[in-house]
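Asks: Supplied in structure tokens, the structure appears directly below.
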Amino acid sequence: MSVFVVLKAGVLSTLQDQGRVGYAHLGLTQGGPADYVSYRIADLLLQNQNPSCQIEVSVGGLSLLALTDTVFCVTGTQMPLTINGQPKTLWQSHRIKKDDVIELGFAKSGLRCYLAVAGGFKLAKDFGSNSTVLREKVGGIAGAALQQGQFLPAASTYRPLLWALPEKYWPEFSNPLELGLIPGYQQHWFDESQWQQLCSTDYQVSALYDRMGYRLQGEPLLYQSRALLSEGISYGAVQLPPDGLPIVLLNDRQTLGGYPKPGVVLARHAAALAQRQQGQQIRFYKIELEQLEAHQQEQHRYWAELSMDFRSLC
Amino acid sequence: MIQLELAGENGLILYLPAEISGKNLNQLQQLQQQIRLLLGEQLQELLPSYASLLIVLKPAHQGVLAIKALLEQQLTLSATVSEQQGQLVLLPVYYHNAWDLDLVAKRAGLTTAEVIELHQAMEYRVYAIGFAPGFAYLSELDARLATPRLKSPRAKVPKGAVAIADRQTAVYPAESPGGWNILGLCPTPLFKPENTGTAETLMPFVVGDRVRFQSINREEFLALGGQLPRELC
């Protein structure tokens, strides 16, 4: 059953589930939510049992008409949210009735929101996933971004309890971002002074940033480039082309590539990077191997605490 | 000799000697079987290339350092590897100097006709599929044509672009950014997203197959369903 019809698609709204797994060896990229932290919180808020298919709204401008009663929420950057013109809060679930209109304005800072519905959107999958990858024309509806007039079916009519996420967990996307870099790949192609430069340069997000990757600008890191056989690229990998300007590769990255990589950014930092816009400040810091486990434990703690902290709304 | 490096908190990359060889191709197949057995449910995906294998772990794993230690201890390289021959696939190419053909020729000290001749003369093997759906890494290019990647990648490479980088060649299945040197255009569709299922129905080739290029003219390119990009209109 359709729960919404798209009144306005906005700048770039795409359907995303947890991503496409098991097809990388055929060249199909991962896709999935660019900010998986906000995406995951949306599912927790709605008590969805599995990672659901949600709408990733980039920049803003989405408007939906409800065709049935349901429960939904919006997480991510602070885009003005209204139901029938009444301002509503992000990071909490809302009951909505047939004929209600949901509107998302434009983000002042940050880039993306996640609009999730109880039970998740239910559409035919391409290669095991609903995640839209525009470049590959797979996922979503016909491999494209949402269009005005499209109907969006949901998986169930399940009515979860209304929950809210306390404000202390709301992320801030306007501040400078520090990316924890785990050395790996061609880490030894870069000597100590080059590592030092990489971790002390003030970079900015360049004009070239999207779901595929973020190209940074700043003082170029000059190094002796060598030929490298193309190899598999991880989510968050930092690639350094001969021009010396780092590119952080994200969800829609190419699966293989041949530029040297000093390492890979922590997943949660890569997700935070995907919320940044042109000109925002970025720095790298090196994660020592001994610290890696502590970082993982901190992550487990974060999710465990957050999951216990939802406030019940009546 | 097996070498492992971290590829983030959920990944490892395994390296064999940095060479393009049938030996690597076959050894990587065997290593994939071993890794599947060793990691079982912790394994999310394996992504082989010429001399490397990216091992992606599911988020709930025992720790990337523990898994690295396990693989270093348990993986073995087989001494004997057999050469297997795949099927032969012919790909037509409309060579054109709208992109990097002149630059490649100049760098090699050859005429463009000689570059085209050398590019067609070799029989290539599919060593990996990746970068984009249906993007097959073909080797090995004649050493005289070896050309480094562009210093800064192009924002838009046209669909069907036949390109070279170092001693590799490939066809871009769809418009995308890319840093390879473009020699011409291939009209054959290399990835059909409407087909779901196996590699065989998705793409005209699989890893291990052989590929040859054949020069065609503009009329033949159009007759075969090729679409001219903006640069040639």
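By order of appearance in the structure tokens: chains A, B, ..., then residues from 1 within every chain, and ligands from 1 in the order shown.
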Which neighbours of region 168-176 of chain A fall inside 7 Å, counting only C-alpha atoms, when residues of the same chain fewer than 3 positions from it are skipped, and could you give them as a PDB file with C-alpha atoms, in the first residue's frame?
Replies:
```pdb
ATOM      1  CA  SER A 109      24.353  23.982   7.474  1.00  0.00           C
ATOM      2  CA  GLY A 110      24.856  20.301   6.862  1.00  0.00           C
ATOM      3  CA  LEU A 165      16.297  11.427  20.837  1.00  0.00           C
ATOM      4  CA  GLN A 275      27.242  16.240   5.814  1.00  0.00           C
ATOM      5  CA  ARG A 276      29.767  18.968   4.929  1.00  0.00           C
ATOM      6  CA  GLN A 280      34.152  23.727   5.352  1.00  0.00           C
ATOM      7  CA  GLN A 281      37.325  23.017   7.344  1.00  0.00           C
ATOM      8  CA  ILE A 282      38.742  19.498   7.393  1.00  0.00           C
TER       9      ILE A 282
END
```
Asks: Define the interface residues of chain A facing chain B as those within 8 Å, counting only C-alpha atoms, and report them as number ranges by chain.
Replies: A: 21-22, 24-29, 126-127, 135-138, 182-185, 227, 229-237, 241-243, 253-257, 263-267, 292-293
Asks: What gap, in Å, lies between CA of Pro87 (chain A) and CA of Tyr302 (chain A)?
Replies: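 Calculated distance between CA of Pro87 (chain A) and CA of Tyr302 (chain A) is 29.4 Å.
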Asks: Give the answer as one residue: which of B:Ala143, B:Val162, B:Asn97, B:Leu91 has the shortest atom-to-atom distance to Phe213 (chain B), using only C-alpha atoms?
Replies: B:Leu91
Asks: Could you find all residues in region 19-226 of chain B that DSSP calls strand (DSSP E) from the backbone, and write them as a ChimeraX atom specification?
Replies: /B:43-48,52-57,88-95,124-129,136-139,154-157,161-165,168-171,176-178,181-185,210-215
Asks: Which one is closest to Leu123 (chain A): A:Val6, A:Leu181, A:Leu240, A:Met1? Count only C-alpha atoms.
Replies: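 Using only C-alpha atoms, Leu123 (chain A) sits closest to A:Met1.
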Asks: I'd like the neighbourhood of region 139-144 of chain A as a list in words, where a residue qualifies if any of its atoms comes within 6 Å (using only C-alpha atoms), though same-chain residues fewer than 2 positions away should be ignored.
Replies: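 The residues satisfying every condition are Leu15, Asp126, Asn130, Ser131, Thr132, Leu134 and Lys137 of chain A.
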Asks: Excluding Gly60 (chain A) and residues on its chain fewer than 3 positions from it, collect all residues at most 12 Å away from it, counting only C-alpha atoms, and give them as an NGL selection string.
Replies: :A and (8-14 or 55-57 or 63 or 74 or 76-81 or 103-115)
Asks: Point out the residue among B:Leu88, B:Ala146, B:Val157, B:Leu183 with the least atom-to-atom distance to Ile116 (chain B), counting only C-alpha atoms.
Replies: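 For Ile116 (chain B), the nearest of the candidates is B:Leu183.
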Asks: Could you write out, as a list in words, all the residues of region 91-189 of chain B that DSSP marks as helix (DSSP H, G or I)?
Replies: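 Put together, the selection reads Leu101, Asp102, Leu103, Val104, Ala105, Lys106, Arg107, Ala108, Thr112, Ala113, Glu114, Val115, Ile116, Glu117, Leu118, His119, Gln120, Ala121, Ala143, Arg144 and Leu145 of chain B.
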Asks: For the residues selected in the previous step, produce a file with C-alpha atoms as a PDB file, in the first residue's frame.
Replies:
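Once everything was written out, this is again.pdb:
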```pdb
ATOM      1  CA  LEU B 101      45.339   9.729 -28.880  1.00  0.00           C
ATOM      2  CA  ASP B 102      47.743  12.445 -30.113  1.00  0.00           C
ATOM      3  CA  LEU B 103      49.299  12.809 -26.653  1.00  0.00           C
ATOM      4  CA  VAL B 104      49.876   9.071 -26.300  1.00  0.00           C
ATOM      5  CA  ALA B 105      51.411   8.938 -29.803  1.00  0.00           C
ATOM      6  CA  LYS B 106      53.679  11.908 -29.128  1.00  0.00           C
ATOM      7  CA  ARG B 107      54.839  10.492 -25.808  1.00  0.00           C
ATOM      8  CA  ALA B 108      55.616   7.111 -27.412  1.00  0.00           C
ATOM      9  CA  THR B 112      48.482   7.731 -34.199  1.00  0.00           C
ATOM     10  CA  ALA B 113      48.032   4.941 -36.781  1.00  0.00           C
ATOM     11  CA  GLU B 114      50.818   2.991 -35.083  1.00  0.00           C
ATOM     12  CA  VAL B 115      49.231   3.501 -31.672  1.00  0.00           C
ATOM     13  CA  ILE B 116      45.927   2.137 -33.004  1.00  0.00           C
ATOM     14  CA  GLU B 117      47.740  -0.792 -34.621  1.00  0.00           C
ATOM     15  CA  LEU B 118      49.580  -1.687 -31.405  1.00  0.00           C
ATOM     16  CA  HIS B 119      46.442  -1.354 -29.296  1.00  0.00           C
ATOM     17  CA  GLN B 120      44.615  -3.809 -31.588  1.00  0.00           C
ATOM     18  CA  ALA B 121      47.500  -6.221 -31.970  1.00  0.00           C
ATOM     19  CA  ALA B 143      55.028  -1.610 -23.369  1.00  0.00           C
ATOM     20  CA  ARG B 144      55.518   1.102 -26.036  1.00  0.00           C
ATOM     21  CA  LEU B 145      52.022   2.437 -25.267  1.00  0.00           C
TER      22      LEU B 145
END
```
Asks: For CA of Glu231 (chain B) and CA of Leu190 (chain B), quote the distance in Å rounded to one decimal.
Replies: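 Going from CA of Glu231 (chain B) over to CA of Leu190 (chain B), I get 21.3 Å.
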Asks: Skip region 202-210 of chain A itself and residues of its chain fewer than 3 positions away, then list as a list in words all residues within 6 Å of it, counting only C-alpha atoms.
Replies: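 The contact residues come out as Gly213, Tyr214, Arg215, Leu216, Gln217, Gly218, Gln278, Gly279, Gln280, Gln281, Ile282 and Arg283 of chain A.
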Asks: Any idea what's packed within 9 Å of region 37-40 of chain B, counting only C-alpha atoms, ignoring anything in its chain fewer than 4 positions away? Could you give it as a ChimeraX atom specification?
Replies: /B:32-33,57,67,70-71,74-75
Asks: Restrict the selected residues to C-alpha atoms and save them as a PDB file, in the first residue's frame.
Replies:
```pdb
ATOM      1  CA  GLN B  32      39.427 -16.505  -1.808  1.00  0.00           C
ATOM      2  CA  GLN B  33      38.314 -20.060  -1.032  1.00  0.00           C
ATOM      3  CA  LEU B  57      34.238  -7.589   7.066  1.00  0.00           C
ATOM      4  CA  ILE B  67      41.608 -11.195  11.847  1.00  0.00           C
ATOM      5  CA  LEU B  70      44.651 -15.083  11.901  1.00  0.00           C
ATOM      6  CA  LEU B  71      45.027 -14.706   8.125  1.00  0.00           C
ATOM      7  CA  GLN B  74      46.622 -19.554   8.315  1.00  0.00           C
ATOM      8  CA  LEU B  75      46.740 -18.533   4.651  1.00  0.00           C
TER       9      LEU B  75
END
```
